[in-house]
file coords-v2.cif (mmCIF, C-alpha atoms)
data_final
#
loop_
_atom_site.group_PDB
_atom_site.id
_atom_site.type_symbol
_atom_site.label_atom_id
_atom_site.label_comp_id
_atom_site.auth_asym_id
_atom_site.auth_seq_id
_atom_site.Cartn_x
_atom_site.Cartn_y
_atom_site.Cartn_z
ATOM 1 C CA MET A 1 39.051 -84.605 -110.487
ATOM 2 C CA SER A 2 38.314 -82.485 -113.537
ATOM 3 C CA ILE A 3 34.838 -81.174 -114.315
ATOM 4 C CA ARG A 4 33.865 -82.026 -117.881
ATOM 5 C CA ALA A 5 30.229 -80.902 -118.058
ATOM 6 C CA VAL A 6 27.843 -78.379 -116.550
ATOM 7 C CA VAL A 7 24.183 -79.266 -116.033
ATOM 8 C CA TRP A 8 21.860 -76.320 -115.566
ATOM 9 C CA ASP A 9 18.551 -75.627 -113.912
ATOM 10 C CA VAL A 10 16.365 -73.313 -116.021
ATOM 11 C CA ASP A 11 13.834 -71.285 -114.026
ATOM 12 C CA ASP A 12 15.444 -68.513 -111.955
ATOM 13 C CA THR A 13 18.880 -69.800 -112.971
ATOM 14 C CA LEU A 14 19.054 -69.113 -116.712
ATOM 15 C CA PHE A 15 15.566 -67.696 -117.195
ATOM 16 C CA ASP A 16 14.173 -64.866 -115.031
ATOM 17 C CA TYR A 17 11.076 -66.782 -114.033
ATOM 18 C CA THR A 18 10.188 -64.639 -111.016
ATOM 19 C CA THR A 19 9.949 -61.430 -113.028
ATOM 20 C CA ALA A 20 8.080 -63.083 -115.892
ATOM 21 C CA ASP A 21 5.635 -64.724 -113.492
ATOM 22 C CA ARG A 22 4.954 -61.452 -111.681
ATOM 23 C CA GLU A 23 4.520 -59.273 -114.756
ATOM 24 C CA GLY A 24 2.656 -61.947 -116.695
ATOM 25 C CA MET A 25 0.163 -62.548 -113.880
ATOM 26 C CA ARG A 26 -0.399 -58.827 -113.433
ATOM 27 C CA ALA A 27 -1.225 -58.379 -117.128
ATOM 28 C CA HIS A 28 -3.402 -61.493 -117.123
ATOM 29 C CA LEU A 29 -5.465 -60.394 -114.115
ATOM 30 C CA VAL A 30 -6.077 -57.022 -115.734
ATOM 31 C CA ALA A 31 -7.153 -58.657 -119.007
ATOM 32 C CA GLU A 32 -9.465 -61.088 -117.178
ATOM 33 C CA GLY A 33 -11.041 -58.342 -115.040
ATOM 34 C CA LEU A 34 -9.871 -60.068 -111.851
ATOM 35 C CA LEU A 35 -7.389 -57.611 -110.400
ATOM 36 C CA ALA A 36 -9.920 -55.616 -108.354
ATOM 37 C CA GLY A 37 -11.076 -58.751 -106.579
ATOM 38 C CA TRP A 38 -7.601 -59.355 -105.214
ATOM 39 C CA GLY A 39 -6.851 -55.804 -104.161
ATOM 40 C CA SER A 40 -3.373 -55.960 -105.638
ATOM 41 C CA ALA A 41 -1.401 -58.005 -108.120
ATOM 42 C CA GLU A 42 1.087 -58.826 -105.355
ATOM 43 C CA ALA A 43 -1.592 -60.467 -103.200
ATOM 44 C CA ALA A 44 -2.843 -62.481 -106.148
ATOM 45 C CA LEU A 45 0.660 -63.585 -107.049
ATOM 46 C CA VAL A 46 1.410 -64.740 -103.504
ATOM 47 C CA ARG A 47 -1.684 -66.922 -103.611
ATOM 48 C CA TRP A 48 -0.876 -68.189 -107.125
ATOM 49 C CA ARG A 49 2.600 -69.220 -106.032
ATOM 50 C CA GLU A 50 1.282 -70.971 -102.904
ATOM 51 C CA ILE A 51 -1.111 -72.961 -105.057
ATOM 52 C CA THR A 52 1.614 -73.686 -107.603
ATOM 53 C CA ASP A 53 3.853 -75.119 -104.857
ATOM 54 C CA GLN A 54 1.008 -77.251 -103.492
ATOM 55 C CA GLN A 55 0.020 -78.684 -106.851
ATOM 56 C CA TRP A 56 3.632 -79.218 -107.893
ATOM 57 C CA ALA A 57 4.162 -81.257 -104.715
ATOM 58 C CA ARG A 58 1.241 -83.454 -105.767
ATOM 59 C CA PHE A 59 2.737 -83.856 -109.229
ATOM 60 C CA SER A 60 6.143 -84.717 -107.766
ATOM 61 C CA ALA A 61 4.490 -87.343 -105.570
ATOM 62 C CA GLY A 62 2.877 -88.933 -108.622
ATOM 63 C CA GLU A 63 -0.678 -87.915 -107.686
ATOM 64 C CA LEU A 64 -1.254 -85.762 -110.780
ATOM 65 C CA SER A 65 -0.071 -85.534 -114.353
ATOM 66 C CA PHE A 66 1.793 -82.423 -115.442
ATOM 67 C CA GLU A 67 -1.324 -81.186 -117.254
ATOM 68 C CA ASP A 68 -3.622 -81.878 -114.298
ATOM 69 C CA GLN A 69 -1.435 -79.945 -111.866
ATOM 70 C CA ARG A 70 -1.835 -76.931 -114.150
ATOM 71 C CA ARG A 71 -5.610 -77.383 -114.297
ATOM 72 C CA ASP A 72 -5.914 -77.715 -110.531
ATOM 73 C CA ARG A 73 -3.807 -74.588 -110.051
ATOM 74 C CA VAL A 74 -6.435 -72.670 -112.015
ATOM 75 C CA ARG A 75 -9.401 -74.281 -110.243
ATOM 76 C CA VAL A 76 -8.046 -73.567 -106.764
ATOM 77 C CA PHE A 77 -6.940 -70.042 -107.660
ATOM 78 C CA LEU A 78 -10.359 -69.144 -109.072
ATOM 79 C CA GLY A 79 -12.319 -71.185 -106.523
ATOM 80 C CA ALA A 80 -14.371 -72.586 -109.399
ATOM 81 C CA GLU A 81 -15.395 -75.977 -110.740
ATOM 82 C CA LEU A 82 -13.995 -75.883 -114.257
ATOM 83 C CA THR A 83 -13.844 -78.508 -116.951
ATOM 84 C CA ASP A 84 -10.439 -79.501 -118.261
ATOM 85 C CA VAL A 85 -11.078 -77.427 -121.375
ATOM 86 C CA GLN A 86 -12.037 -74.346 -119.362
ATOM 87 C CA ALA A 87 -9.014 -74.663 -117.091
ATOM 88 C CA ASP A 88 -6.715 -75.221 -120.072
ATOM 89 C CA ASP A 89 -8.117 -72.156 -121.836
ATOM 90 C CA TRP A 90 -7.594 -69.949 -118.757
ATOM 91 C CA PHE A 91 -4.046 -71.186 -118.316
ATOM 92 C CA ARG A 92 -3.335 -70.697 -122.017
ATOM 93 C CA ARG A 93 -4.445 -67.062 -121.776
ATOM 94 C CA TYR A 94 -2.159 -66.609 -118.779
ATOM 95 C CA LEU A 95 0.737 -68.122 -120.741
ATOM 96 C CA THR A 96 0.271 -65.526 -123.485
ATOM 97 C CA HIS A 97 1.017 -62.731 -121.012
ATOM 98 C CA TYR A 98 3.709 -64.692 -119.186
ATOM 99 C CA GLU A 99 5.621 -65.585 -122.334
ATOM 100 C CA ALA A 100 5.524 -61.997 -123.575
ATOM 101 C CA VAL A 101 7.999 -61.010 -120.843
ATOM 102 C CA TRP A 102 10.387 -63.977 -121.000
ATOM 103 C CA ALA A 103 14.065 -63.042 -120.670
ATOM 104 C CA LEU A 104 17.414 -64.527 -119.723
ATOM 105 C CA PHE A 105 19.352 -63.037 -116.827
ATOM 106 C CA PRO A 106 22.053 -60.644 -118.108
ATOM 107 C CA ASP A 107 24.910 -62.878 -116.897
ATOM 108 C CA VAL A 108 23.728 -66.011 -118.749
ATOM 109 C CA LEU A 109 25.073 -65.500 -122.265
ATOM 110 C CA PRO A 110 28.497 -64.245 -121.078
ATOM 111 C CA ALA A 111 28.799 -67.312 -118.832
ATOM 112 C CA LEU A 112 27.751 -69.748 -121.545
ATOM 113 C CA ASP A 113 30.196 -68.102 -123.966
ATOM 114 C CA ALA A 114 33.024 -68.290 -121.428
ATOM 115 C CA LEU A 115 32.377 -71.980 -120.790
ATOM 116 C CA ALA A 116 31.523 -73.077 -124.334
ATOM 117 C CA ALA A 117 34.949 -74.372 -125.336
ATOM 118 C CA GLY A 118 35.884 -76.176 -122.154
ATOM 119 C CA TYR A 119 32.706 -77.934 -121.036
ATOM 120 C CA ARG A 120 29.732 -79.879 -122.296
ATOM 121 C CA HIS A 121 26.323 -78.544 -121.287
ATOM 122 C CA ALA A 122 22.912 -80.012 -120.456
ATOM 123 C CA VAL A 123 19.708 -79.046 -118.646
ATOM 124 C CA LEU A 124 17.923 -80.761 -115.761
ATOM 125 C CA SER A 125 14.606 -79.181 -114.764
ATOM 126 C CA ASN A 126 11.658 -80.038 -112.537
ATOM 127 C CA SER A 127 9.299 -79.285 -115.415
ATOM 128 C CA SER A 128 8.358 -80.972 -118.684
ATOM 129 C CA ARG A 129 10.469 -81.376 -121.817
ATOM 130 C CA HIS A 130 7.801 -79.701 -123.941
ATOM 131 C CA VAL A 131 7.771 -76.606 -121.727
ATOM 132 C CA GLN A 132 11.512 -76.232 -121.375
ATOM 133 C CA ASP A 133 12.355 -77.061 -124.999
ATOM 134 C CA ARG A 134 10.039 -74.293 -126.133
ATOM 135 C CA LYS A 135 11.368 -71.868 -123.537
ATOM 136 C CA LEU A 136 15.007 -72.488 -124.427
ATOM 137 C CA ARG A 137 14.276 -72.149 -128.149
ATOM 138 C CA THR A 138 12.358 -68.908 -127.625
ATOM 139 C CA LEU A 139 15.216 -67.529 -125.537
ATOM 140 C CA GLY A 140 17.708 -68.506 -128.231
ATOM 141 C CA VAL A 141 19.873 -70.903 -126.213
ATOM 142 C CA HIS A 142 18.478 -74.373 -126.932
ATOM 143 C CA GLU A 143 21.381 -75.281 -129.203
ATOM 144 C CA ARG A 144 23.805 -74.647 -126.328
ATOM 145 C CA PHE A 145 22.696 -77.863 -124.586
ATOM 146 C CA GLU A 146 23.256 -81.390 -125.847
ATOM 147 C CA ALA A 147 20.579 -82.833 -123.562
ATOM 148 C CA VAL A 148 17.425 -81.465 -121.913
ATOM 149 C CA LEU A 149 16.064 -83.683 -119.138
ATOM 150 C CA CYS A 150 12.883 -82.919 -117.215
ATOM 151 C CA ALA A 151 11.059 -84.464 -114.273
ATOM 152 C CA ALA A 152 7.812 -85.082 -116.151
ATOM 153 C CA GLU A 153 9.554 -87.466 -118.540
ATOM 154 C CA LEU A 154 12.159 -88.864 -116.135
ATOM 155 C CA GLY A 155 9.591 -89.845 -113.530
ATOM 156 C CA VAL A 156 11.822 -88.462 -110.768
ATOM 157 C CA SER A 157 12.245 -84.884 -109.526
ATOM 158 C CA LYS A 158 15.034 -82.956 -107.870
ATOM 159 C CA PRO A 159 16.230 -83.159 -105.094
ATOM 160 C CA ALA A 160 16.127 -86.961 -105.515
ATOM 161 C CA ALA A 161 19.555 -88.275 -106.442
ATOM 162 C CA GLY A 162 18.037 -90.205 -109.331
ATOM 163 C CA ALA A 163 17.268 -86.997 -111.211
ATOM 164 C CA PHE A 164 20.869 -85.780 -111.044
ATOM 165 C CA LEU A 165 22.266 -89.223 -111.827
ATOM 166 C CA ALA A 166 20.012 -89.426 -114.897
ATOM 167 C CA ALA A 167 21.685 -86.272 -116.204
ATOM 168 C CA CYS A 168 25.110 -87.794 -115.612
ATOM 169 C CA GLU A 169 24.053 -90.969 -117.402
ATOM 170 C CA ALA A 170 22.766 -88.972 -120.370
ATOM 171 C CA LEU A 171 26.212 -87.387 -120.663
ATOM 172 C CA GLU A 172 27.971 -90.724 -119.995
ATOM 173 C CA LEU A 173 29.963 -89.104 -117.210
ATOM 174 C CA ALA A 174 30.495 -89.939 -113.559
ATOM 175 C CA PRO A 175 28.889 -87.576 -111.022
ATOM 176 C CA HIS A 176 32.274 -86.220 -109.907
ATOM 177 C CA GLU A 177 32.881 -85.074 -113.499
ATOM 178 C CA VAL A 178 29.691 -82.993 -113.588
ATOM 179 C CA ALA A 179 28.770 -79.652 -112.045
ATOM 180 C CA TYR A 180 25.172 -78.652 -111.393
ATOM 181 C CA VAL A 181 24.040 -75.006 -111.250
ATOM 182 C CA GLY A 182 20.662 -74.090 -109.762
ATOM 183 C CA ASP A 183 18.911 -71.381 -107.760
ATOM 184 C CA HIS A 184 17.313 -73.365 -104.918
ATOM 185 C CA PRO A 185 19.594 -74.087 -101.945
ATOM 186 C CA GLU A 186 17.951 -77.424 -101.106
ATOM 187 C CA ILE A 187 16.328 -78.728 -104.294
ATOM 188 C CA ASP A 188 19.322 -77.799 -106.429
ATOM 189 C CA GLY A 189 22.227 -77.074 -104.106
ATOM 190 C CA ARG A 190 21.917 -79.789 -101.503
ATOM 191 C CA GLY A 191 20.349 -82.283 -103.894
ATOM 192 C CA ALA A 192 23.200 -82.091 -106.394
ATOM 193 C CA ALA A 193 25.848 -82.227 -103.662
ATOM 194 C CA ASP A 194 24.253 -85.291 -102.064
ATOM 195 C CA ALA A 195 24.207 -87.002 -105.478
ATOM 196 C CA GLY A 196 27.969 -86.491 -105.785
ATOM 197 C CA LEU A 197 28.059 -83.638 -108.297
ATOM 198 C CA LEU A 198 29.990 -80.418 -107.897
ATOM 199 C CA SER A 199 27.101 -78.275 -106.712
ATOM 200 C CA VAL A 200 26.812 -74.539 -107.345
ATOM 201 C CA TRP A 201 23.961 -72.550 -105.830
ATOM 202 C CA ILE A 202 23.298 -69.276 -107.673
ATOM 203 C CA ASP A 203 21.858 -66.890 -105.066
ATOM 204 C CA ARG A 204 21.127 -63.663 -106.912
ATOM 205 C CA ARG A 205 19.860 -61.972 -103.740
ATOM 206 C CA GLY A 206 23.438 -61.531 -102.570
ATOM 207 C CA PRO A 207 24.604 -61.213 -98.961
ATOM 208 C CA SER A 208 21.133 -60.207 -97.711
ATOM 209 C CA GLY A 209 19.921 -63.702 -98.544
ATOM 210 C CA GLY A 210 22.005 -65.309 -95.788
ATOM 211 C CA PRO A 211 25.576 -65.889 -94.716
ATOM 212 C CA ALA A 212 28.003 -65.207 -97.538
ATOM 213 C CA THR A 213 29.869 -68.466 -97.097
ATOM 214 C CA ARG A 214 30.111 -71.899 -98.522
ATOM 215 C CA ALA A 215 27.801 -74.643 -97.277
ATOM 216 C CA ASP A 216 28.435 -75.748 -93.708
ATOM 217 C CA ALA A 217 29.791 -79.188 -94.649
ATOM 218 C CA PRO A 218 32.600 -80.342 -96.947
ATOM 219 C CA GLY A 219 31.236 -81.320 -100.329
ATOM 220 C CA GLY A 220 28.259 -78.967 -99.980
ATOM 221 C CA PRO A 221 27.189 -76.443 -102.597
ATOM 222 C CA HIS A 222 29.282 -73.440 -103.535
ATOM 223 C CA ARG A 223 27.221 -70.263 -103.222
ATOM 224 C CA ILE A 224 27.656 -67.546 -105.836
ATOM 225 C CA ALA A 225 25.878 -64.282 -106.555
ATOM 226 C CA SER A 226 26.585 -64.152 -110.290
ATOM 227 C CA LEU A 227 27.372 -66.648 -113.024
ATOM 228 C CA ALA A 228 30.522 -64.613 -113.654
ATOM 229 C CA GLU A 229 31.951 -66.487 -110.642
ATOM 230 C CA LEU A 230 31.287 -69.910 -112.119
ATOM 231 C CA PRO A 231 34.367 -70.399 -114.358
ATOM 232 C CA ALA A 232 36.757 -70.008 -111.421
ATOM 233 C CA ILE A 233 34.873 -72.635 -109.403
ATOM 234 C CA LEU A 234 34.874 -75.096 -112.277
ATOM 235 C CA ARG A 235 38.566 -74.646 -112.918
ATOM 236 C CA ALA A 236 39.444 -75.089 -109.257
ATOM 237 C CA ASP A 237 36.955 -77.895 -108.509
ATOM 238 C CA THR A 238 37.523 -77.220 -104.813
ATOM 239 C CA ARG A 239 34.533 -79.154 -103.516
ATOM 240 C CA PHE A 240 36.424 -80.613 -100.555
ATOM 241 C CA GLY A 241 36.865 -77.811 -98.080
ATOM 242 C CA ALA A 242 38.264 -74.815 -99.965
ATOM 243 C CA PRO A 243 36.447 -71.515 -99.598
ATOM 244 C CA SER A 244 33.852 -70.291 -102.062
ATOM 245 C CA THR A 245 34.544 -67.398 -104.389
ATOM 246 C CA PHE A 246 31.356 -65.760 -103.068
ATOM 247 C CA ARG A 247 31.879 -62.188 -101.861
#

call {"tool": "encode", "arguments": {"input": "coords-v2.cif", "output": "C-alpha cells"}}
result
Amino acid sequence: MSIRAVVWDVDDTLFDYTTADREGMRAHLVAEGLLAGWGSAEAALVRWREITDQQWARFSAGELSFEDQRRDRVRVFLGAELTDVQADDWFRRYLTHYEAVWALFPDVLPALDALAAGYRHAVLSNSSRHVQDRKLRTLGVHERFEAVLCAAELGVSKPAAGAFLAACEALELAPHEVAYVGDHPEIDGRGAADAGLLSVWIDRRGPSGGPATRADAPGGPHRIASLAELPAILRADTRFGAPSTFR
C-alpha cells in the first residue's frame, strides 16, 4: 500500500504555536498593564491555556461559534462582562503581539522540500480556514498545500474519524493512501490511526516525553522526534507491526 499524500496539522506541527503563544501573551500583558496582577507571565499563560481548552471544547461540541469561543476566552480570562466589540478588540490587540513572533519549526521547510516531488500535500486543522489560510500565507508555505480543511468549516473536529476522512475525500484518495502528521498523541495520532490513515505523531520533546517506541497496538501512530524522520516512514509504510524509526 503506497502513500500518495501527506495531510498536516498546523499548530505545533508546522508552526511553533507554543513559543508564539507564550511570547505573544507576555508582550500583550505588558502592553495592557496586566502583568503585575498575575505575578508572572507563566502563571497568566497557564490560565489562558486552561480557558482556551475549555472554550475550544464548547466550540467542538457545537455550543459556540468560532468567534464566540474567542470572546468567551477573553471574558473568562479577564473576569469581566464585555460586549462582543470589547472582547474582539482585546483579542485583536493580543493577536498583534502573537503574530509578531510567528515562525515555522526549523525542520519544516527541509521536510516539505524532501517530500515535494513524491507526495501531494494538504492541511487538516482544528481551527478555522480564515485563521490558517492567513497563517500559512504569512509563513510562506500556503502554496505547498492543495487543500486546507478546518474544523470550523467542516463541522467536525479531530479526533473524529469524519475530519480525517474529509481530508481524504478532498484529495480523492482512500485513507490507506494518506499519511497524517500531527503533534497530539490522541487528537492527531490516535485519531488518524483509528480513521485508517498512516498516522505519524511528531513529539518534539524527545525521549523525556514518554517511551521511545511505536504505539502499543499494530496500526497505531509512528512516533518521531523530528520531521527529518518522516520520509523513511512514508517510503516504508510499515504501519502493520514494524518498528518506528524513533530513536

call {"tool": "atom_distance", "arguments": {"input": "coords-v2.cif", "atom1": "CA of Thr18 (chain A)", "atom2": "CA of Thr83 (chain A)"}}
result
28.4 Å

call {"tool": "atom_distance", "arguments": {"input": "coords-v2.cif", "atom1": "CA of Ser65 (chain A)", "atom2": "CA of Ala152 (chain A)"}}
result
8.1 Å

call {"tool": "resolve_selection", "arguments": {"input": "coords-v2.cif", "expression": "the PyMOL selection byres ((chain A and resi 153) around 12)", "output": "list in words"}}
result
Ser60, Ser65, Phe66, Leu124, Ser125, Asn126, Ser127, Ser128, Arg129, His130, Val131, Gln132, Val148, Leu149, Cys150, Ala151, Ala152, Leu154, Gly155, Val156, Ser157, Ala163 and Ala166 of chain A

call {"tool": "resolve_selection", "arguments": {"input": "coords-v2.cif", "expression": "the PyMOL selection byres ((chain A and resi 4) around 8)", "output": "list in words"}}
result
Ser2, Ile3, Ala5, Val6, Gly118, Tyr119, Arg120, Glu177 and Val178 of chain A

call {"tool": "closest_residue", "arguments": {"input": "coords-v2.cif", "among": "A:Phe15, A:Trp56, A:Phe145, A:Tyr94", "to": "Val108 (chain A)", "atoms": "all atoms listed in the file"}}
result
A:Phe15

call {"tool": "resolve_selection", "arguments": {"input": "coords-v2.cif", "expression": "the PyMOL selection byres ((chain A and resi 111) around 9)", "output": "count of residues only"}}
result
14

call {"tool": "atom_distance", "arguments": {"input": "coords-v2.cif", "atom1": "CA of Gly162 (chain A)", "atom2": "CA of Val141 (chain A)"}}
result
25.7 Å

call {"tool": "residues_around", "arguments": {"input": "coords-v2.cif", "residues": "region 67-78 of chain A", "least_positions_apart": "5", "cutoff": "7 Å", "atoms": "only C-alpha atoms", "output": "list in words"}}
result
Trp48, Ile51, Thr52, Gln55, Trp56, Phe59, Asp84, Ala87, Asp88 and Phe91 of chain A

call {"tool": "residues_around", "arguments": {"input": "coords-v2.cif", "residues": "Thr96 (chain A)", "least_positions_apart": "2", "cutoff": "12 Å", "atoms": "all atoms listed in the file", "output": "ChimeraX atom specification"}}
result
/A:20-21,23-25,27-28,31,89-94,98-102

call {"tool": "residues_around", "arguments": {"input": "coords-v2.cif", "residues": "Asp183 (chain A)", "least_positions_apart": "3", "cutoff": "7 Å", "atoms": "all atoms listed in the file", "output": "ChimeraX atom specification"}}
result
/A:12-13,188,201-203

call {"tool": "closest_residue", "arguments": {"input": "coords-v2.cif", "among": "A:Arg204, A:His222, A:Arg58, A:His97", "to": "Gly189 (chain A)", "atoms": "only C-alpha atoms"}}
result
A:His222

call {"tool": "closest_residue", "arguments": {"input": "coords-v2.cif", "among": "A:Ala160, A:Leu64, A:Leu14, A:Leu197", "to": "Pro106 (chain A)", "atoms": "all atoms listed in the file"}}
result
A:Leu14

call {"tool": "closest_residue", "arguments": {"input": "coords-v2.cif", "among": "A:Ser226, A:Ser199, A:Thr138, A:Gln54", "to": "Tyr180 (chain A)", "atoms": "all atoms listed in the file"}}
result
A:Ser199
